[in-house]
$ cat model09.txt   # compact mmCIF, C-alpha atoms
# COMPACT_ATOMS: atom_id res chain seq x y z
CA MET M 125 0.00 0.00 0.00
CA THR M 126 1.25 3.48 -0.86
CA THR M 127 -0.01 6.87 0.28
CA ARG M 128 1.25 9.67 -1.92
CA ALA M 129 1.50 13.40 -1.30
CA LEU M 130 0.36 15.03 -4.56
CA PHE M 131 0.15 18.63 -5.75
CA PRO M 132 2.38 20.26 -3.12
CA THR M 133 2.38 24.02 -2.59
CA LEU M 134 5.96 25.20 -2.13
CA ILE M 135 6.92 28.20 -0.01
CA ARG M 136 10.57 29.15 0.23
CA GLU M 137 11.84 30.72 3.46
CA SER M 138 15.41 31.99 3.64
CA SER M 139 17.34 34.66 5.47
CA LEU M 140 19.68 37.35 4.24
CA ALA M 141 21.06 37.81 7.74
CA GLU M 142 24.24 35.95 6.76
CA ALA M 143 24.81 38.08 3.64
CA PRO M 144 27.86 40.38 3.67
CA ASP M 145 27.05 43.77 5.25
CA PHE M 146 23.54 42.61 6.14
CA ALA M 147 23.23 44.90 9.17
CA ARG M 148 24.25 47.96 7.16
CA LEU M 149 21.93 47.08 4.26
CA ASN M 150 18.97 46.42 6.56
CA ASP M 151 19.54 49.68 8.44
CA GLU M 152 19.65 51.55 5.14
CA LEU M 153 16.46 49.87 3.99
CA GLU M 154 14.68 50.77 7.22
CA ARG M 155 15.80 54.39 6.86
CA ALA M 156 14.67 54.49 3.23
CA CYS M 157 11.28 52.95 4.03
CA LEU M 158 10.57 55.40 6.84
CA GLU M 159 11.70 58.34 4.71
CA LEU M 160 9.33 57.30 1.93
CA ALA M 161 6.52 57.01 4.46
CA GLN M 162 7.10 60.68 5.29
CA GLU M 163 7.94 62.10 1.85
CA ASP M 164 5.81 60.15 -0.64
CA GLY M 165 2.71 62.30 -0.72
CA ALA M 166 1.02 60.25 -3.45
CA GLY M 167 1.59 57.03 -1.53
CA ARG M 168 0.31 58.55 1.70
CA ALA M 169 -2.80 59.78 -0.10
CA TRP M 170 -3.43 56.38 -1.72
CA SER M 171 -2.95 54.64 1.62
CA ARG M 172 -5.42 57.01 3.27
CA ASP M 173 -8.01 56.76 0.50
CA SER M 174 -7.69 52.95 0.38
CA ALA M 175 -7.89 52.61 4.18
CA TYR M 176 -4.43 51.03 4.29
CA PRO M 177 -3.40 51.07 7.97
CA GLY M 178 -0.04 52.78 7.60
CA TYR M 179 1.90 53.52 4.41
CA THR M 180 2.59 51.63 1.19
CA SER M 181 4.31 52.73 -1.99
CA TYR M 182 2.38 50.08 -3.95
CA ALA M 183 0.43 52.55 -6.11
CA SER M 184 2.83 55.49 -6.15
CA LEU M 185 6.46 54.50 -6.87
CA ASP M 186 7.77 51.99 -9.42
CA ASP M 187 11.49 52.79 -9.50
CA LEU M 188 12.77 52.01 -6.01
CA PRO M 189 15.81 49.89 -7.10
CA VAL M 190 17.16 52.85 -9.10
CA ARG M 191 15.88 55.53 -6.74
CA ASP M 192 17.90 54.37 -3.74
CA PRO M 193 21.04 52.14 -3.67
CA ALA M 194 19.65 50.22 -0.69
CA PHE M 195 16.77 48.90 -2.78
CA GLY M 196 19.19 48.16 -5.62
CA GLY M 197 21.31 46.07 -3.23
CA LEU M 198 18.24 44.20 -2.05
CA LYS M 199 17.18 43.51 -5.66
CA ARG M 200 20.50 41.82 -6.42
CA LEU M 201 20.04 39.48 -3.46
CA LEU M 202 16.41 38.78 -4.33
CA ASP M 203 17.29 37.97 -7.95
CA ARG M 204 19.43 35.10 -6.69
CA GLU M 205 16.81 33.82 -4.22
CA VAL M 206 14.02 33.90 -6.81
CA ALA M 207 16.16 32.11 -9.42
CA ILE M 208 16.79 29.30 -6.90
CA PHE M 209 13.09 29.04 -6.09
CA ALA M 210 12.13 28.93 -9.78
CA ARG M 211 14.44 25.91 -10.18
CA GLU M 212 12.92 24.27 -7.10
CA LEU M 213 9.49 24.73 -8.69
CA SER M 214 10.76 23.11 -11.94
CA LEU M 215 9.43 26.08 -13.92
CA ASP M 216 10.40 26.07 -17.61
CA LEU M 217 10.91 29.82 -18.02
CA GLY M 218 13.66 29.92 -20.62
CA ARG M 219 15.46 32.63 -18.63
CA LYS M 220 15.77 33.92 -15.08
CA PRO M 221 12.69 35.57 -13.60
CA ARG M 222 12.71 39.37 -13.89
CA LEU M 223 11.69 41.81 -11.16
CA ASP M 224 8.42 43.45 -12.18
CA SER M 225 7.50 45.51 -9.12
CA LEU M 226 8.78 46.22 -5.62
CA TRP M 227 7.06 48.28 -2.94
CA VAL M 228 7.35 49.30 0.71
CA ASN M 229 4.85 48.43 3.48
CA VAL M 230 4.94 50.27 6.81
CA LEU M 231 2.14 48.67 8.80
CA ASP M 232 0.82 50.48 11.85
CA PRO M 233 0.01 48.69 15.13
CA ARG M 234 -3.34 46.86 14.85
CA GLY M 235 -3.17 47.16 11.05
CA GLY M 236 -3.57 44.18 8.71
CA HIS M 237 -3.96 43.31 5.03
CA SER M 238 -6.87 41.15 3.91
CA GLY M 239 -6.51 37.99 1.81
CA HIS M 240 -5.31 38.51 -1.76
CA ILE M 241 -3.23 37.13 -4.64
CA HIS M 242 -0.75 38.84 -6.99
CA PRO M 243 -2.08 38.66 -10.58
CA HIS M 244 0.10 38.96 -13.71
CA SER M 245 3.25 37.60 -12.06
CA VAL M 246 4.92 34.23 -11.50
CA ILE M 247 6.70 34.46 -8.14
CA SER M 248 5.87 36.89 -5.36
CA GLY M 249 7.44 37.47 -2.01
CA THR M 250 8.28 39.72 0.89
CA TYR M 251 11.50 40.78 2.58
CA TYR M 252 11.13 41.70 6.25
CA VAL M 253 13.02 44.78 7.44
CA SER M 254 11.62 45.20 10.95
CA THR M 255 9.49 42.72 12.90
CA PRO M 256 9.09 44.00 16.47
CA GLU M 257 7.72 41.72 19.18
CA GLY M 258 4.12 40.86 18.38
CA ALA M 259 4.45 41.70 14.67
CA SER M 260 2.07 39.86 12.35
CA ALA M 261 2.92 36.54 10.79
CA LEU M 262 2.10 35.91 7.13
CA LYS M 263 -0.97 33.69 6.77
CA PHE M 264 -1.16 31.34 3.78
CA GLU M 265 -4.41 29.69 2.65
CA ASP M 266 -4.74 26.19 1.18
CA PRO M 267 -5.76 26.83 -2.46
CA ARG M 268 -8.16 23.86 -2.24
CA LEU M 269 -10.15 25.49 0.56
CA PRO M 270 -13.26 26.29 -1.58
CA LEU M 271 -13.53 22.57 -2.44
CA MET M 272 -13.56 21.35 1.17
CA MET M 273 -17.34 21.56 1.55
CA ALA M 274 -17.74 18.49 3.78
CA ARG M 275 -14.24 18.06 5.15
CA PRO M 276 -14.21 17.34 8.90
CA THR M 277 -12.12 19.48 11.21
CA LEU M 278 -8.56 18.29 11.71
CA THR M 279 -7.04 16.84 14.84
CA GLU M 280 -4.83 19.07 16.95
CA GLN M 281 -1.86 16.89 15.94
CA ALA M 282 -2.40 17.38 12.17
CA PRO M 283 0.88 18.30 10.46
CA GLN M 284 1.31 21.73 8.96
CA ASP M 285 1.03 20.56 5.35
CA ARG M 286 -2.56 19.38 5.95
CA ARG M 287 -3.92 22.49 7.66
CA PRO M 288 -6.17 24.93 5.78
CA PHE M 289 -4.14 27.91 7.03
CA VAL M 290 -0.45 28.16 7.83
CA TYR M 291 1.16 31.07 9.66
CA VAL M 292 4.83 31.85 9.00
CA GLN M 293 6.45 34.17 11.53
CA PRO M 294 9.31 36.11 9.88
CA ARG M 295 12.26 37.88 11.48
CA ALA M 296 14.27 40.82 10.23
CA GLY M 297 16.18 39.53 7.19
CA THR M 298 13.65 36.80 6.30
CA VAL M 299 12.68 36.36 2.65
CA LEU M 300 9.45 34.49 1.92
CA LEU M 301 8.69 33.39 -1.67
CA TRP M 302 5.59 31.74 -3.13
CA GLU M 303 3.84 31.31 -6.46
CA SER M 304 1.79 34.42 -7.14
CA TRP M 305 -1.56 32.57 -7.32
CA LEU M 306 -1.34 31.55 -3.65
CA ARG M 307 -3.79 33.48 -1.49
CA HIS M 308 -2.30 35.06 1.64
CA GLU M 309 -2.98 37.78 4.18
CA VAL M 310 -1.44 39.75 7.02
CA PRO M 311 -3.42 39.46 10.29
CA ALA M 312 -3.68 42.43 12.63
CA ASN M 313 -0.28 43.69 13.76
CA ALA M 314 -0.15 43.13 17.53
CA ALA M 315 3.21 44.89 17.90
CA LYS M 316 3.41 48.30 19.56
CA ARG M 317 5.69 49.54 16.77
CA LYS M 318 5.49 49.61 13.00
CA ARG M 319 6.10 46.40 11.03
CA ILE M 320 8.23 47.19 7.97
CA SER M 321 8.46 44.96 4.91
CA ILE M 322 9.23 45.15 1.20
CA SER M 323 7.05 43.12 -1.17
CA PHE M 324 7.76 42.25 -4.79
CA ASN M 325 6.63 40.41 -7.90
CA TYR M 326 8.72 38.62 -10.54
CA ARG M 327 7.62 37.81 -14.09

$ encode --input "model09.txt" --output "structure tokens"
Amino acid sequence: MTTRALFPTLIRESSLAEAPDFARLNDELERACLELAQEDGAGRAWSRDSAYPGYTSYASLDDLPVRDPAFGGLKRLLDREVAIFARELSLDLGRKPRLDSLWVNVLDPRGGHSGHIHPHSVISGTYYVSTPEGASALKFEDPRLPLMMARPTLTEQAPQDRRPFVYVQPRAGTVLLWESWLRHEVPANAAKRKRISISFNYR
């Protein structure tokens, strides 16, 4: 008798904390993110009008890797991580994935981000700049969830790969990667300080 695990959903978790000059790069990224949160009037307005609890450059800036060397340094590291993940996924792309968009998220205490996917891209992810105590995890949803109409609840001992939701708690320096169709959300930020991250899409 054989029981097979079919159709796995892969999520890559790595850390840039061992990269050369990590502390300097992360400090520069935190500075740059907080400066944008103060100076990017269009992003602040979009965040306010969209009820985003904090600041995001998602709809206002599309040139961060050339605007600030810190983001350019992060891009070079992410290019390598995403290329590795694409190979792990056995994707036949013909060339390395290309960064399509990269944006800053400065999430206020008690703020969250409802469930969503990232259309028109192949691999998405987030780099975590600052995760104070109590900062939100990233919550992933089993893509089969709408089909589980009569599935019983799981035992408390059920392994992670069988649960309908999985929470991944990042630290500063963590990079999380997933295929862009995978639904995910950020629960309410229970930290007393801002949670700072940089999200991105690759085509």

$ atom_distance --input "model09.txt" --atom1 "CA of Tyr176 (chain M)" --atom2 "CA of Val230 (chain M)"
9.7 Å

$ closest_residue --input "model09.txt" --among "M:Ser304, M:Thr127, M:Asn150, M:Ser174" --to "Tyr252 (chain M)" --atoms "only C-alpha atoms"
M:Asn150

$ atom_distance --input "model09.txt" --atom1 "CA of Asp151 (chain M)" --atom2 "CA of Ala296 (chain M)"
10.5 Å

$ residues_around --input "model09.txt" --residues "Thr180 (chain M)" --least-positions-apart "3" --cutoff "12 Å" --atoms "all atoms listed in the file" --output "ChimeraX atom specification"
/M:157-177,183-186,226-232,237,319-323

$ write_last_selection --input "model09.txt" --atoms "C-alpha atoms" --output "compact mmCIF listing (two decimals), keeping the file's coordinate frame"
# COMPACT_ATOMS: atom_id res chain seq x y z
CA CYS M 157 11.28 52.95 4.03
CA LEU M 158 10.57 55.40 6.84
CA GLU M 159 11.70 58.34 4.71
CA LEU M 160 9.33 57.30 1.93
CA ALA M 161 6.52 57.01 4.46
CA GLN M 162 7.10 60.68 5.29
CA GLU M 163 7.94 62.10 1.85
CA ASP M 164 5.81 60.15 -0.64
CA GLY M 165 2.71 62.30 -0.72
CA ALA M 166 1.02 60.25 -3.45
CA GLY M 167 1.59 57.03 -1.53
CA ARG M 168 0.31 58.55 1.70
CA ALA M 169 -2.80 59.78 -0.10
CA TRP M 170 -3.43 56.38 -1.72
CA SER M 171 -2.95 54.64 1.62
CA ARG M 172 -5.42 57.01 3.27
CA ASP M 173 -8.01 56.76 0.50
CA SER M 174 -7.69 52.95 0.38
CA ALA M 175 -7.89 52.61 4.18
CA TYR M 176 -4.43 51.03 4.29
CA PRO M 177 -3.40 51.07 7.97
CA ALA M 183 0.43 52.55 -6.11
CA SER M 184 2.83 55.49 -6.15
CA LEU M 185 6.46 54.50 -6.87
CA ASP M 186 7.77 51.99 -9.42
CA LEU M 226 8.78 46.22 -5.62
CA TRP M 227 7.06 48.28 -2.94
CA VAL M 228 7.35 49.30 0.71
CA ASN M 229 4.85 48.43 3.48
CA VAL M 230 4.94 50.27 6.81
CA LEU M 231 2.14 48.67 8.80
CA ASP M 232 0.82 50.48 11.85
CA HIS M 237 -3.96 43.31 5.03
CA ARG M 319 6.10 46.40 11.03
CA ILE M 320 8.23 47.19 7.97
CA SER M 321 8.46 44.96 4.91
CA ILE M 322 9.23 45.15 1.20
CA SER M 323 7.05 43.12 -1.17

$ residues_around --input "model09.txt" --residues "region 197-200 of chain M" --least-positions-apart "6" --cutoff "8 Å" --atoms "only C-alpha atoms" --output "tab-separated table (two decimals) with C-alpha atoms, in the frame of the given file"
chain	number	residue	atom	x	y	z
M	149	LEU	CA	21.93	47.08	4.26
M	189	PRO	CA	15.81	49.89	-7.10
M	223	LEU	CA	11.69	41.81	-11.16

$ decode --input "model09.txt" --residues "region 198-232 of chain M" --atoms "N, CA and C atoms" --output "short mmCIF file (atom, residue, chain, number, x, y, z; two decimals), in the first residue's frame"
data_model
loop_
_atom_site.label_atom_id
_atom_site.label_comp_id
_atom_site.auth_asym_id
_atom_site.auth_seq_id
_atom_site.Cartn_x
_atom_site.Cartn_y
_atom_site.Cartn_z
N LEU M 198 19.20 45.24 -2.38
CA LEU M 198 18.24 44.20 -2.05
C LEU M 198 17.81 43.44 -3.32
N LYS M 199 17.59 44.16 -4.41
CA LYS M 199 17.18 43.51 -5.66
C LYS M 199 18.20 42.47 -6.09
N ARG M 200 19.47 42.78 -5.99
CA ARG M 200 20.50 41.82 -6.42
C ARG M 200 20.42 40.54 -5.60
N LEU M 201 20.17 40.66 -4.30
CA LEU M 201 20.04 39.48 -3.46
C LEU M 201 18.76 38.71 -3.76
N LEU M 202 17.68 39.44 -4.02
CA LEU M 202 16.41 38.78 -4.33
C LEU M 202 16.47 38.06 -5.66
N ASP M 203 17.16 38.63 -6.65
CA ASP M 203 17.29 37.97 -7.95
C ASP M 203 17.83 36.55 -7.78
N ARG M 204 18.83 36.41 -6.91
CA ARG M 204 19.43 35.10 -6.69
C ARG M 204 18.44 34.16 -5.99
N GLU M 205 17.75 34.66 -4.96
CA GLU M 205 16.81 33.82 -4.22
C GLU M 205 15.66 33.35 -5.12
N VAL M 206 15.15 34.24 -5.94
CA VAL M 206 14.02 33.90 -6.81
C VAL M 206 14.46 32.90 -7.89
N ALA M 207 15.67 33.06 -8.42
CA ALA M 207 16.16 32.11 -9.42
C ALA M 207 16.26 30.70 -8.83
N ILE M 208 16.72 30.60 -7.58
CA ILE M 208 16.79 29.30 -6.90
C ILE M 208 15.40 28.71 -6.74
N PHE M 209 14.45 29.53 -6.32
CA PHE M 209 13.09 29.04 -6.09
C PHE M 209 12.45 28.59 -7.40
N ALA M 210 12.69 29.32 -8.49
CA ALA M 210 12.13 28.93 -9.78
C ALA M 210 12.63 27.54 -10.18
N ARG M 211 13.90 27.26 -9.89
CA ARG M 211 14.44 25.91 -10.18
C ARG M 211 13.79 24.87 -9.28
N GLU M 212 13.58 25.21 -8.02
CA GLU M 212 12.92 24.27 -7.10
C GLU M 212 11.50 23.95 -7.55
N LEU M 213 10.85 24.92 -8.19
CA LEU M 213 9.49 24.73 -8.69
C LEU M 213 9.45 23.99 -10.03
N SER M 214 10.65 23.76 -10.62
CA SER M 214 10.76 23.11 -11.94
C SER M 214 10.05 23.91 -13.02
N LEU M 215 10.07 25.23 -12.93
CA LEU M 215 9.43 26.08 -13.92
C LEU M 215 10.30 26.16 -15.18
N ASP M 216 9.70 25.98 -16.32
CA ASP M 216 10.40 26.07 -17.61
C ASP M 216 10.21 27.49 -18.14
N LEU M 217 11.07 28.40 -17.70
CA LEU M 217 10.91 29.82 -18.02
C LEU M 217 11.75 30.26 -19.20
N GLY M 218 12.79 29.53 -19.52
CA GLY M 218 13.66 29.92 -20.62
C GLY M 218 14.71 30.95 -20.24
N ARG M 219 14.49 31.66 -19.14
CA ARG M 219 15.46 32.63 -18.63
C ARG M 219 15.14 32.89 -17.17
N LYS M 220 16.01 33.63 -16.49
CA LYS M 220 15.77 33.92 -15.08
C LYS M 220 14.56 34.83 -14.92
N PRO M 221 13.81 34.67 -13.85
CA PRO M 221 12.69 35.57 -13.60
C PRO M 221 13.18 37.02 -13.48
N ARG M 222 12.34 37.96 -13.89
CA ARG M 222 12.71 39.37 -13.89
C ARG M 222 11.82 40.14 -12.92
N LEU M 223 12.45 41.00 -12.11
CA LEU M 223 11.69 41.81 -11.16
C LEU M 223 10.72 42.71 -11.92
N ASP M 224 9.45 42.65 -11.52
CA ASP M 224 8.42 43.45 -12.18
C ASP M 224 8.00 44.64 -11.32
N SER M 225 7.92 44.44 -10.02
CA SER M 225 7.50 45.51 -9.12
C SER M 225 8.03 45.23 -7.72
N LEU M 226 8.26 46.32 -6.98
CA LEU M 226 8.78 46.22 -5.62
C LEU M 226 8.25 47.42 -4.86
N TRP M 227 7.68 47.18 -3.67
CA TRP M 227 7.06 48.28 -2.94
C TRP M 227 7.23 48.10 -1.44
N VAL M 228 7.13 49.22 -0.74
CA VAL M 228 7.35 49.30 0.71
C VAL M 228 6.01 49.20 1.44
N ASN M 229 6.02 48.50 2.59
CA ASN M 229 4.85 48.43 3.48
C ASN M 229 5.28 48.82 4.89
N VAL M 230 4.71 49.88 5.42
CA VAL M 230 4.94 50.27 6.81
C VAL M 230 3.60 50.13 7.52
N LEU M 231 3.44 49.03 8.22
CA LEU M 231 2.14 48.67 8.80
C LEU M 231 2.04 49.16 10.24
N ASP M 232 1.03 49.95 10.51
CA ASP M 232 0.82 50.48 11.85
C ASP M 232 0.40 49.38 12.83
#
